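Q: What follows is a structure written as structure tokens; I'll ask about it next.
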Amino acid sequence: MSITTKAYVVEEKGGPFILKDVVLDNLEPDEILVEMKYTGLCHTDLVVQAGLMPVGSFPAVLGHEGCGTIRALGSNMANKSLAPGDQVFLSFRTCTACAPCLAGQGGACVQSQELSFLRARLDASKPSPISLTDGTPVHGQFFGQSSFSKMAVVSERSVVKCDLPIEDAELGPLAPMGCGYLTGAGTVVNVLKPRIESSMVILGMGAVGIAALLGARALGVTNIVAVDIVDEKLELAMELGAAHVVNTLKDEDADLAAAVRRYLPSGADFIIDTTGVGKVLQAALGALGIGGTFTLIGAMPPDTELKVNALDILTGCKKIIGVIEAWSDPQQIVPLLVQWYKEGKFPIDRIVKIYPATEMNRALEDLKAGKVIKPVLSWDSL
């Protein structure tokens with residue numbers, strides 16, 4: 001039986017998030033009805049809202065950092081351990097069958113864009129599970145979830161069950177586990193795999209950058225340089241374990257590479273960019289040491305250009321890689337990060353502010369103004 005719920009709908013490219021009634025379709029056999037408790041606001045949601053990244057169609061319900069409680073299950077669950085009442089995190093959707101998926105690197109799924117952005121349902125022949133009350137179709141299952149909604153029909157492939165006990169009071173700060181935190185910390189854990197003695201530079205101290213910092217610290221890495229333009233973020237980075245900080249706004253006429261090499265004379269073993277800002281990337285390339293790896297995880301404009309010394313690449317002195325969703329399997333990395341949080345190794349709650357779901361506009365304003373690093377909506381207000 002279909003149900004009516006509240007959701008934020010973007011009616012057209014560049015349109016605002018409008019809270020309105022939507023109708024959810026009956027569950028397909030591989031779908032789950034989830035009551036959202038919290039949803040993180042991610043930069044990707046805003047980029048898609050603005051029409052700078054593709055989505056299947058408008059109107060659409062976005063949101064891809066949800067967590068909540070299972071209320072109903074489809075008739076043919078692959079994961080037989082799932083049950084109504086289970087607390088779950090939501091992440092991206094994959095095909096589960098391509099070579100990266102079979103190797104446990106779902107973030108590199110060859111169908112990732114289609115399955116997370118373009119399809120309204122896993123079975124493309126089926127209509128979207130969301131419509132307006134007048135019957136107008138609404139693009140759903142963004143990242144397999146469309147979690148800017150009080151209730152959501154979610155693809156089973158996007159559901160991560162975590163067996164560790166989590167109190168309701170601490171669940172909110174953990175909502176972005178399936179995307180922002182997974183991307184930052186997972187890149188360090190799954191892709192870079194630094195040694196304790198490794199040196200690392202992290203460009204951008206937003207949610208992804210802080211997660212990368214905390215992931216590195218949880219692995220025992222201490223020689224970390226944090227880079228940003230906001231002193232308050234850099235102060236927090238120091239509190240969370242960065243050894244050194246660089247403010248590129250205050251040093252805008254200086255050489256970023258030289259600023260980093262004051263602390264890392266031989267250059268960095270790893271540089272992680274979370275900014276996607278071309279001039280920052282170009283300036284930071286000179287801070288990479290011999291044999292170092294420059295990792296791109298920030299969304300970059302399509303016309304971004306990087307001038308790289310070809311000899312460095314050909315001789316293996318330096319390499320540049322792009323990573324999506326940490327090349328990770330959410331079923332593995334999300335429980336690990338939750339465990340680290342419970343053990344005090346991943347204090348990601350330090351960057352979160354919880355807003356009633358009715359106050360999304362205020363959350364967005366605070367995010368754009370730099371007043372908060374990671375805003376999270378609480379659906380208890382609806």
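Ordering of the structure tokens sets the chain letters (A, B, ...); residue numbers start at 1 within each chain; ligands are numbered from 1 in the order shown.
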From a backbone DSSP assignment, name each residue in segment 263-309 of chain A labelled strand (DSSP E or B), as an MDAnalysis selection string.
A: chainID A and resid 268:273 288:296
Q: Let me see the file: selected residues, C-alpha atoms, as a compact mmCIF listing (two decimals), in the first residue's frame.
A:
# COMPACT_ATOMS: atom_id res chain seq x y z
CA ALA A 268 54.86 14.60 1.17
CA ASP A 269 54.37 10.88 0.67
CA PHE A 270 50.67 11.55 0.15
CA ILE A 271 48.60 14.59 -0.77
CA ILE A 272 44.82 14.35 -0.58
CA ASP A 273 42.77 17.05 -2.27
CA LEU A 288 54.77 15.96 -3.44
CA GLY A 289 57.91 13.98 -2.66
CA ILE A 290 59.68 11.39 -4.78
CA GLY A 291 57.49 8.32 -5.06
CA GLY A 292 54.58 10.29 -3.65
CA THR A 293 50.89 9.94 -4.52
CA PHE A 294 48.55 12.86 -5.23
CA THR A 295 44.96 11.77 -4.63
CA LEU A 296 41.98 13.66 -6.05
Q: Return as a ChimeraX atom specification the full set of residues in segment 15-245 of chain A whose backbone-based DSSP assignment is alpha helix (DSSP H).
A: /A:43-49,99-102,112-113,168-174,180-186,207-218,231-239
Q: Write out as a list of chain:residue names which residues come within 6 Å of Val61 of chain A when counting only C-alpha atoms, dropping same-chain ones fewer than 2 positions away.
A: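 Answer for this query is A:Val9, A:Gly140, A:Ser146.
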Q: Excluding same-chain residues fewer than 2 positions from segment 74-81 of chain A, what lies within 8 Å of it counting only C-alpha atoms, as number ranges by chain?
A: A: 27-32, 72, 83, 156
Q: Using only C-alpha atoms, pick whichever of A:Arg119, A:Lys233, A:His43, A:Lys353 has the shortest atom-to-atom distance to Gly204 of chain A.
A: A:Lys233
Q: Could I get the residues of segment 135-161 of chain A with an atom no further than 10 Å from an atom of segment 376-382 of chain A, each paired with its nearest atom pair and that distance in Å to one decimal, using only C-alpha atoms, sorted by chain and residue number, as a tab-separated table?
A:
residue	atom	partner	partner_atom	distance
A:Phe148	CA	A:Leu377	CA	8.6
A:Ser149	CA	A:Trp379	CA	8.1
A:Lys150	CA	A:Trp379	CA	6.0
A:Met151	CA	A:Trp379	CA	9.3
Q: Generate the output file for the selected residues, C-alpha atoms, as a PDB file, in the first residue's frame.
A:
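For reference, again.pdb as written:
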ATOM      1  CA  PHE A 148      15.822  14.102   2.126  1.00  0.00           C
ATOM      2  CA  SER A 149      12.557  12.500   3.158  1.00  0.00           C
ATOM      3  CA  LYS A 150      10.869  11.441   6.369  1.00  0.00           C
ATOM      4  CA  MET A 151      10.205   8.005   4.857  1.00  0.00           C
TER       5      MET A 151
END
Q: Have a look at atom CA of Pro127 of chain A and atom CA of Ile3 of chain A and let me know their distance in Å, one decimal.
A: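 Between these atoms lies a distance of 15.9 Å.
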